[in-house]
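For reference, entry-v3.txt (compact mmCIF, N, CA and C atoms):
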```
# COMPACT_ATOMS: atom_id res chain seq x y z
N MET A 1 0.85 -1.18 0.00
CA MET A 1 0.00 0.00 0.00
C MET A 1 0.89 1.24 0.00
N SER A 2 0.60 2.20 -0.85
CA SER A 2 1.42 3.41 -0.95
C SER A 2 1.18 4.31 0.27
N PRO A 3 2.15 5.19 0.59
CA PRO A 3 1.96 6.12 1.71
C PRO A 3 0.75 7.02 1.53
N ARG A 4 0.47 7.41 0.27
CA ARG A 4 -0.68 8.27 0.03
C ARG A 4 -1.97 7.54 0.34
N THR A 5 -2.07 6.25 -0.06
CA THR A 5 -3.25 5.46 0.22
C THR A 5 -3.42 5.28 1.72
N THR A 6 -2.33 5.03 2.43
CA THR A 6 -2.39 4.88 3.89
C THR A 6 -2.86 6.16 4.54
N ALA A 7 -2.31 7.30 4.11
CA ALA A 7 -2.72 8.59 4.68
C ALA A 7 -4.19 8.86 4.40
N THR A 8 -4.64 8.54 3.21
CA THR A 8 -6.04 8.74 2.85
C THR A 8 -6.94 7.90 3.75
N ARG A 9 -6.58 6.63 3.91
CA ARG A 9 -7.40 5.75 4.75
C ARG A 9 -7.41 6.21 6.20
N LEU A 10 -6.26 6.66 6.70
CA LEU A 10 -6.20 7.15 8.07
C LEU A 10 -7.08 8.40 8.24
N GLY A 11 -7.07 9.27 7.22
CA GLY A 11 -7.92 10.46 7.27
C GLY A 11 -9.40 10.10 7.30
N ILE A 12 -9.78 9.12 6.51
CA ILE A 12 -11.17 8.67 6.48
C ILE A 12 -11.56 8.04 7.81
N ILE A 13 -10.67 7.23 8.36
CA ILE A 13 -10.94 6.59 9.66
C ILE A 13 -11.08 7.64 10.75
N ALA A 14 -10.19 8.64 10.74
CA ALA A 14 -10.26 9.69 11.75
C ALA A 14 -11.56 10.48 11.64
N ALA A 15 -11.96 10.81 10.41
CA ALA A 15 -13.21 11.54 10.21
C ALA A 15 -14.40 10.70 10.64
N GLY A 16 -14.36 9.41 10.33
CA GLY A 16 -15.44 8.51 10.75
C GLY A 16 -15.53 8.42 12.26
N GLY A 17 -14.37 8.37 12.92
CA GLY A 17 -14.35 8.33 14.38
C GLY A 17 -14.92 9.60 14.98
N ALA A 18 -14.59 10.74 14.37
CA ALA A 18 -15.13 12.01 14.85
C ALA A 18 -16.64 12.05 14.67
N LEU A 19 -17.11 11.55 13.54
CA LEU A 19 -18.55 11.49 13.28
C LEU A 19 -19.24 10.58 14.30
N ALA A 20 -18.64 9.43 14.58
CA ALA A 20 -19.21 8.50 15.56
C ALA A 20 -19.25 9.15 16.95
N ALA A 21 -18.21 9.87 17.30
CA ALA A 21 -18.18 10.54 18.60
C ALA A 21 -19.28 11.59 18.69
N LEU A 22 -19.51 12.33 17.62
CA LEU A 22 -20.57 13.33 17.62
C LEU A 22 -21.94 12.67 17.73
N THR A 23 -22.10 11.52 17.08
CA THR A 23 -23.36 10.80 17.13
C THR A 23 -23.66 10.29 18.53
N VAL A 24 -22.63 9.77 19.20
CA VAL A 24 -22.79 9.22 20.55
C VAL A 24 -23.13 10.32 21.55
N THR A 25 -22.49 11.48 21.44
CA THR A 25 -22.72 12.54 22.42
C THR A 25 -24.10 13.16 22.27
N GLY A 26 -24.63 13.21 21.06
CA GLY A 26 -26.00 13.65 20.82
C GLY A 26 -26.31 15.07 21.26
N PRO A 27 -27.59 15.34 21.53
CA PRO A 27 -28.05 16.69 21.83
C PRO A 27 -27.45 17.29 23.10
N ALA A 28 -27.08 16.46 24.06
CA ALA A 28 -26.52 16.98 25.30
C ALA A 28 -25.25 17.78 25.02
N ALA A 29 -24.44 17.33 24.09
CA ALA A 29 -23.21 18.03 23.76
C ALA A 29 -23.50 19.39 23.12
N ALA A 30 -24.63 19.51 22.45
CA ALA A 30 -24.97 20.78 21.81
C ALA A 30 -25.16 21.88 22.84
N LEU A 31 -25.47 21.51 24.07
CA LEU A 31 -25.67 22.49 25.12
C LEU A 31 -24.35 22.96 25.71
N ASP A 32 -23.27 22.25 25.45
CA ASP A 32 -21.97 22.55 26.01
C ASP A 32 -21.00 22.91 24.89
N ASP A 33 -20.66 24.20 24.74
CA ASP A 33 -19.83 24.65 23.63
C ASP A 33 -18.43 24.05 23.65
N THR A 34 -17.96 23.55 24.78
CA THR A 34 -16.61 22.99 24.84
C THR A 34 -16.52 21.67 24.08
N HIS A 35 -17.64 21.02 23.80
CA HIS A 35 -17.64 19.75 23.08
C HIS A 35 -17.98 19.90 21.60
N ASN A 36 -18.37 21.08 21.19
CA ASN A 36 -18.72 21.31 19.79
C ASN A 36 -17.48 21.70 19.00
N PRO A 37 -17.24 21.04 17.87
CA PRO A 37 -16.08 21.41 17.06
C PRO A 37 -16.29 22.78 16.42
N PRO A 38 -15.21 23.47 16.08
CA PRO A 38 -15.35 24.77 15.41
C PRO A 38 -16.03 24.61 14.06
N VAL A 39 -16.66 25.67 13.60
CA VAL A 39 -17.33 25.64 12.30
C VAL A 39 -16.45 26.38 11.30
N TYR A 40 -16.17 25.73 10.19
CA TYR A 40 -15.38 26.33 9.12
C TYR A 40 -16.27 26.45 7.89
N LYS A 41 -16.06 27.50 7.14
CA LYS A 41 -16.86 27.75 5.93
C LYS A 41 -15.94 27.95 4.74
N GLY A 42 -16.48 27.69 3.56
CA GLY A 42 -15.76 27.92 2.32
C GLY A 42 -16.74 28.18 1.19
N ARG A 43 -16.24 28.81 0.13
CA ARG A 43 -17.08 29.11 -1.04
C ARG A 43 -16.54 28.31 -2.23
N VAL A 44 -17.44 27.62 -2.93
CA VAL A 44 -17.06 26.81 -4.08
C VAL A 44 -16.64 27.75 -5.22
N THR A 45 -15.44 27.47 -5.78
CA THR A 45 -14.90 28.31 -6.85
C THR A 45 -14.82 27.59 -8.20
N ALA A 46 -15.15 26.31 -8.23
CA ALA A 46 -15.07 25.53 -9.47
C ALA A 46 -16.02 26.12 -10.51
N LYS A 47 -15.51 26.38 -11.69
CA LYS A 47 -16.27 27.04 -12.76
C LYS A 47 -17.61 26.36 -13.05
N ASN A 48 -17.60 25.03 -13.13
CA ASN A 48 -18.82 24.27 -13.44
C ASN A 48 -19.40 23.56 -12.23
N GLY A 49 -19.08 24.02 -11.04
CA GLY A 49 -19.54 23.37 -9.82
C GLY A 49 -18.53 22.32 -9.36
N LEU A 50 -18.67 21.88 -8.15
CA LEU A 50 -17.72 20.95 -7.53
C LEU A 50 -18.37 19.59 -7.29
N LEU A 51 -17.72 18.54 -7.77
CA LEU A 51 -18.18 17.18 -7.50
C LEU A 51 -17.73 16.76 -6.11
N LEU A 52 -18.65 16.29 -5.30
CA LEU A 52 -18.33 15.81 -3.96
C LEU A 52 -18.32 14.30 -3.98
N ARG A 53 -17.34 13.72 -3.29
CA ARG A 53 -17.08 12.29 -3.38
C ARG A 53 -17.14 11.60 -2.03
N ASN A 54 -17.19 10.25 -2.05
CA ASN A 54 -17.28 9.50 -0.80
C ASN A 54 -15.92 9.21 -0.18
N ALA A 55 -14.83 9.66 -0.81
CA ALA A 55 -13.47 9.53 -0.28
C ALA A 55 -12.64 10.65 -0.89
N PRO A 56 -11.52 11.02 -0.27
CA PRO A 56 -10.69 12.12 -0.79
C PRO A 56 -9.79 11.68 -1.95
N THR A 57 -10.41 11.07 -2.95
CA THR A 57 -9.69 10.62 -4.13
C THR A 57 -10.48 10.99 -5.38
N ARG A 58 -9.76 11.22 -6.46
CA ARG A 58 -10.40 11.62 -7.73
C ARG A 58 -11.24 10.50 -8.33
N GLY A 59 -10.91 9.25 -8.03
CA GLY A 59 -11.63 8.13 -8.61
C GLY A 59 -12.76 7.59 -7.76
N SER A 60 -12.99 8.20 -6.59
CA SER A 60 -14.06 7.69 -5.72
C SER A 60 -15.43 8.11 -6.24
N LYS A 61 -16.45 7.47 -5.70
CA LYS A 61 -17.82 7.68 -6.16
C LYS A 61 -18.29 9.11 -5.90
N VAL A 62 -18.91 9.70 -6.92
CA VAL A 62 -19.50 11.03 -6.80
C VAL A 62 -20.83 10.90 -6.06
N ILE A 63 -20.97 11.66 -4.98
CA ILE A 63 -22.20 11.63 -4.17
C ILE A 63 -23.18 12.70 -4.66
N ARG A 64 -22.66 13.87 -4.93
CA ARG A 64 -23.48 14.99 -5.40
C ARG A 64 -22.56 16.10 -5.90
N SER A 65 -23.13 17.19 -6.35
CA SER A 65 -22.32 18.33 -6.78
C SER A 65 -22.84 19.60 -6.10
N VAL A 66 -21.97 20.60 -6.05
CA VAL A 66 -22.31 21.88 -5.43
C VAL A 66 -22.01 22.97 -6.46
N PRO A 67 -22.94 23.88 -6.68
CA PRO A 67 -22.72 24.92 -7.70
C PRO A 67 -21.68 25.96 -7.29
N ARG A 68 -21.06 26.58 -8.27
CA ARG A 68 -20.10 27.66 -8.04
C ARG A 68 -20.76 28.77 -7.21
N GLY A 69 -20.02 29.29 -6.23
CA GLY A 69 -20.51 30.38 -5.39
C GLY A 69 -21.20 29.94 -4.12
N LYS A 70 -21.59 28.67 -4.02
CA LYS A 70 -22.29 28.18 -2.83
C LYS A 70 -21.33 28.15 -1.64
N VAL A 71 -21.81 28.57 -0.48
CA VAL A 71 -21.02 28.49 0.76
C VAL A 71 -21.30 27.14 1.40
N VAL A 72 -20.22 26.44 1.75
CA VAL A 72 -20.32 25.10 2.33
C VAL A 72 -19.71 25.09 3.73
N THR A 73 -20.14 24.12 4.54
CA THR A 73 -19.61 23.93 5.88
C THR A 73 -18.56 22.83 5.84
N ILE A 74 -17.38 23.12 6.39
CA ILE A 74 -16.25 22.19 6.36
C ILE A 74 -16.02 21.64 7.76
N PHE A 75 -15.94 20.32 7.89
CA PHE A 75 -15.69 19.69 9.19
C PHE A 75 -14.19 19.62 9.48
N CYS A 76 -13.41 19.17 8.49
CA CYS A 76 -11.96 19.03 8.67
C CYS A 76 -11.30 18.83 7.32
N LYS A 77 -9.96 18.74 7.32
CA LYS A 77 -9.22 18.53 6.08
C LYS A 77 -8.28 17.34 6.23
N THR A 78 -7.93 16.74 5.09
CA THR A 78 -6.97 15.64 5.06
C THR A 78 -6.23 15.68 3.73
N ARG A 79 -5.21 14.86 3.63
CA ARG A 79 -4.49 14.74 2.35
C ARG A 79 -5.11 13.61 1.53
N GLY A 80 -5.17 13.82 0.23
CA GLY A 80 -5.71 12.81 -0.67
C GLY A 80 -5.05 12.95 -2.03
N ASP A 81 -5.77 12.57 -3.07
CA ASP A 81 -5.25 12.70 -4.43
C ASP A 81 -5.01 14.17 -4.77
N ARG A 82 -4.00 14.40 -5.58
CA ARG A 82 -3.70 15.76 -6.04
C ARG A 82 -4.71 16.20 -7.11
N VAL A 83 -5.15 17.43 -6.95
CA VAL A 83 -6.01 18.08 -7.95
C VAL A 83 -5.33 19.41 -8.25
N ALA A 84 -4.82 19.55 -9.46
CA ALA A 84 -4.10 20.77 -9.86
C ALA A 84 -3.01 21.13 -8.84
N ASN A 85 -2.21 20.15 -8.47
CA ASN A 85 -1.07 20.31 -7.56
C ASN A 85 -1.48 20.63 -6.12
N ASN A 86 -2.70 20.33 -5.72
CA ASN A 86 -3.16 20.52 -4.35
C ASN A 86 -3.70 19.18 -3.85
N ASN A 87 -3.12 18.63 -2.78
CA ASN A 87 -3.57 17.33 -2.28
C ASN A 87 -4.46 17.43 -1.04
N ILE A 88 -4.95 18.60 -0.72
CA ILE A 88 -5.82 18.78 0.45
C ILE A 88 -7.28 18.62 0.02
N TRP A 89 -8.01 17.86 0.83
CA TRP A 89 -9.45 17.65 0.62
C TRP A 89 -10.19 18.04 1.90
N TYR A 90 -11.38 18.61 1.73
CA TYR A 90 -12.22 19.00 2.85
C TYR A 90 -13.40 18.04 2.99
N LEU A 91 -13.69 17.67 4.23
CA LEU A 91 -14.87 16.87 4.54
C LEU A 91 -16.01 17.86 4.81
N LEU A 92 -17.01 17.86 3.93
CA LEU A 92 -18.13 18.79 4.04
C LEU A 92 -19.30 18.15 4.75
N THR A 93 -20.05 18.98 5.47
CA THR A 93 -21.14 18.45 6.30
C THR A 93 -22.51 18.98 5.90
N ASP A 94 -22.64 19.52 4.72
CA ASP A 94 -23.92 20.08 4.28
C ASP A 94 -24.85 18.98 3.75
N GLY A 95 -25.73 18.50 4.57
CA GLY A 95 -26.70 17.48 4.14
C GLY A 95 -26.13 16.07 4.20
N THR A 96 -25.09 15.82 3.44
CA THR A 96 -24.41 14.52 3.48
C THR A 96 -22.94 14.79 3.75
N TRP A 97 -22.28 13.84 4.37
CA TRP A 97 -20.84 13.96 4.58
C TRP A 97 -20.16 13.55 3.28
N ALA A 98 -19.40 14.47 2.70
CA ALA A 98 -18.76 14.20 1.42
C ALA A 98 -17.45 14.98 1.33
N TRP A 99 -16.55 14.49 0.49
CA TRP A 99 -15.23 15.10 0.32
C TRP A 99 -15.21 15.96 -0.93
N GLY A 100 -14.61 17.15 -0.80
CA GLY A 100 -14.41 18.04 -1.94
C GLY A 100 -12.98 18.53 -1.95
N SER A 101 -12.40 18.66 -3.13
CA SER A 101 -11.03 19.13 -3.25
C SER A 101 -10.91 20.58 -2.78
N ALA A 102 -9.94 20.84 -1.92
CA ALA A 102 -9.71 22.21 -1.43
C ALA A 102 -9.25 23.13 -2.54
N GLN A 103 -8.81 22.56 -3.65
CA GLN A 103 -8.41 23.36 -4.81
C GLN A 103 -9.56 24.25 -5.28
N TYR A 104 -10.78 23.78 -5.07
CA TYR A 104 -11.95 24.50 -5.57
C TYR A 104 -12.86 25.02 -4.46
N ILE A 105 -12.31 25.19 -3.26
CA ILE A 105 -13.07 25.76 -2.15
C ILE A 105 -12.22 26.86 -1.50
N ALA A 106 -12.68 28.09 -1.56
CA ALA A 106 -11.97 29.22 -0.95
C ALA A 106 -12.41 29.35 0.50
N ASN A 107 -11.46 29.34 1.41
CA ASN A 107 -11.78 29.45 2.84
C ASN A 107 -12.41 30.80 3.14
N ILE A 108 -13.39 30.78 4.03
CA ILE A 108 -13.97 32.00 4.57
C ILE A 108 -13.60 31.97 6.05
N GLY A 109 -12.71 32.85 6.45
CA GLY A 109 -12.24 32.83 7.84
C GLY A 109 -11.09 31.83 8.01
N LYS A 110 -11.10 31.15 9.15
CA LYS A 110 -9.99 30.26 9.52
C LYS A 110 -9.89 29.05 8.59
N VAL A 111 -8.64 28.58 8.43
CA VAL A 111 -8.39 27.36 7.68
C VAL A 111 -8.86 26.18 8.53
N PRO A 112 -9.54 25.20 7.92
CA PRO A 112 -10.06 24.05 8.69
C PRO A 112 -8.95 23.26 9.39
N ARG A 113 -9.33 22.62 10.47
CA ARG A 113 -8.42 21.76 11.23
C ARG A 113 -8.20 20.46 10.49
N TRP A 114 -7.16 19.74 10.88
CA TRP A 114 -6.89 18.41 10.31
C TRP A 114 -7.85 17.39 10.89
N CYS A 115 -8.22 16.41 10.11
CA CYS A 115 -9.10 15.32 10.56
C CYS A 115 -8.33 14.43 11.53
```

Give the structure from the file, written as structure tokens.
Amino acid sequence: MSPRTTATRLGIIAAGGALAALTVTGPAAALDDTHNPPVYKGRVTAKNGLLLRNAPTRGSKVIRSVPRGKVVTIFCKTRGDRVANNNIWYLLTDGTWAWGSAQYIANIGKVPRWC
């Protein structure tokens, strides 16, 4: 297994673990700001919209697309396949959990944390 594949899988596992932890804590955690992760935002810059995938790889299954200009919520970032010399992918939380290349998402405010 290549180092990139290992890093990608570790990023997916970490994001899945974070999602599981949020699911277990449920509504009670929403009342306590110390347990809520920071919210990161970005704007889609891809000319024809951005394809969101089920893994941070170019060959993974497309889940949906987001139009240019749409503001998205970012949970975290990880390394994945390179897109135009950028190997950072964002895990988005708008409706479905899906990965989008950071190459086509302009950060609004702080840069997202690592998964």

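Residue nearest Val39 in chain A within the list A:Thr73, A:Arg53, A:Asn107, A:Lys61: A:Thr73 [criterion: smallest interatomic distance, only C-alpha atoms].
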
Mind checking which residues fall within 6 Å of Tyr40 in chain A, counting only N, CA and C atoms, ignoring those fewer than 5 positions away in the same chain, and posting them as JSON, numbers by chain? {"A": [72, 73, 74, 75, 112]}

State, in Å with one decimal place, the distance from CA of Pro67 in chain A to CA of Leu91 in chain A.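 CA of Pro67 in chain A sits 16.6 Å away from CA of Leu91 in chain A.
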
I want to know what sits within 8 Å of range 99-106 of chain A, based on only N, CA and C atoms, with residues of the same chain fewer than 6 positions away left out; could you give that as a VMD selection string? chain A and resid 41 to 47 49 to 57 63 81 to 93

Between A:Gly59, A:Thr78, A:Lys70, A:Asp94, which is the closest to Ile108 in chain A once you count only C-alpha atoms? A:Lys70

Would you fill out range 66-77 of chain A with all heavy atoms and return it as a short mmCIF file (atom, residue, chain, number, x, y, z; two decimals), keeping the file's coordinate frame?
```
data_model
loop_
_atom_site.label_atom_id
_atom_site.label_comp_id
_atom_site.auth_asym_id
_atom_site.auth_seq_id
_atom_site.Cartn_x
_atom_site.Cartn_y
_atom_site.Cartn_z
N VAL A 66 -21.97 20.60 -6.05
CA VAL A 66 -22.31 21.88 -5.43
C VAL A 66 -22.01 22.97 -6.46
O VAL A 66 -20.93 22.98 -7.05
CB VAL A 66 -21.47 22.11 -4.14
CG1 VAL A 66 -21.80 23.45 -3.53
CG2 VAL A 66 -21.70 21.00 -3.15
N PRO A 67 -22.94 23.88 -6.68
CA PRO A 67 -22.72 24.92 -7.70
C PRO A 67 -21.68 25.96 -7.29
O PRO A 67 -21.45 26.18 -6.09
CB PRO A 67 -24.09 25.57 -7.85
CG PRO A 67 -24.79 25.30 -6.57
CD PRO A 67 -24.25 24.00 -6.05
N ARG A 68 -21.06 26.58 -8.27
CA ARG A 68 -20.10 27.66 -8.04
C ARG A 68 -20.76 28.77 -7.21
O ARG A 68 -21.92 29.11 -7.41
CB ARG A 68 -19.64 28.23 -9.38
CG ARG A 68 -18.66 29.38 -9.25
CD ARG A 68 -18.33 29.94 -10.63
NE ARG A 68 -17.45 31.07 -10.52
CZ ARG A 68 -16.12 31.00 -10.67
NH1 ARG A 68 -15.55 29.85 -10.96
NH2 ARG A 68 -15.38 32.08 -10.55
N GLY A 69 -20.02 29.29 -6.23
CA GLY A 69 -20.51 30.38 -5.39
C GLY A 69 -21.20 29.94 -4.12
O GLY A 69 -21.40 30.74 -3.22
N LYS A 70 -21.59 28.67 -4.02
CA LYS A 70 -22.29 28.18 -2.83
C LYS A 70 -21.33 28.15 -1.64
O LYS A 70 -20.17 27.77 -1.76
CB LYS A 70 -22.81 26.77 -3.09
CG LYS A 70 -23.37 26.08 -1.88
CD LYS A 70 -24.83 25.85 -2.01
CE LYS A 70 -25.28 24.93 -0.89
NZ LYS A 70 -26.23 25.51 -0.04
N VAL A 71 -21.81 28.57 -0.48
CA VAL A 71 -21.02 28.49 0.76
C VAL A 71 -21.30 27.14 1.40
O VAL A 71 -22.45 26.73 1.55
CB VAL A 71 -21.39 29.64 1.73
CG1 VAL A 71 -20.70 29.47 3.07
CG2 VAL A 71 -21.03 30.99 1.10
N VAL A 72 -20.22 26.44 1.75
CA VAL A 72 -20.32 25.10 2.33
C VAL A 72 -19.71 25.09 3.73
O VAL A 72 -18.88 25.93 4.07
CB VAL A 72 -19.61 24.05 1.44
CG1 VAL A 72 -20.34 23.89 0.11
CG2 VAL A 72 -18.15 24.40 1.21
N THR A 73 -20.14 24.12 4.54
CA THR A 73 -19.61 23.93 5.88
C THR A 73 -18.56 22.83 5.84
O THR A 73 -18.82 21.75 5.31
CB THR A 73 -20.73 23.55 6.87
OG1 THR A 73 -21.73 24.57 6.83
CG2 THR A 73 -20.20 23.42 8.28
N ILE A 74 -17.38 23.12 6.39
CA ILE A 74 -16.25 22.19 6.36
C ILE A 74 -16.02 21.64 7.76
O ILE A 74 -15.91 22.41 8.72
CB ILE A 74 -14.98 22.89 5.86
CG1 ILE A 74 -15.23 23.53 4.48
CG2 ILE A 74 -13.80 21.93 5.84
CD1 ILE A 74 -14.18 24.54 4.07
N PHE A 75 -15.94 20.32 7.89
CA PHE A 75 -15.69 19.69 9.19
C PHE A 75 -14.19 19.62 9.48
O PHE A 75 -13.74 19.96 10.56
CB PHE A 75 -16.30 18.29 9.23
CG PHE A 75 -16.15 17.62 10.56
CD1 PHE A 75 -16.90 18.02 11.65
CD2 PHE A 75 -15.25 16.58 10.72
CE1 PHE A 75 -16.76 17.41 12.88
CE2 PHE A 75 -15.10 15.96 11.94
CZ PHE A 75 -15.85 16.37 13.03
N CYS A 76 -13.41 19.17 8.49
CA CYS A 76 -11.96 19.03 8.67
C CYS A 76 -11.30 18.83 7.32
O CYS A 76 -11.98 18.75 6.29
CB CYS A 76 -11.64 17.87 9.61
SG CYS A 76 -12.17 16.24 9.00
N LYS A 77 -9.96 18.74 7.32
CA LYS A 77 -9.22 18.53 6.08
C LYS A 77 -8.28 17.34 6.23
O LYS A 77 -7.87 16.98 7.34
CB LYS A 77 -8.42 19.77 5.69
CG LYS A 77 -7.30 20.12 6.66
CD LYS A 77 -6.60 21.39 6.25
CE LYS A 77 -5.57 21.80 7.30
NZ LYS A 77 -4.92 23.05 6.96
#
```
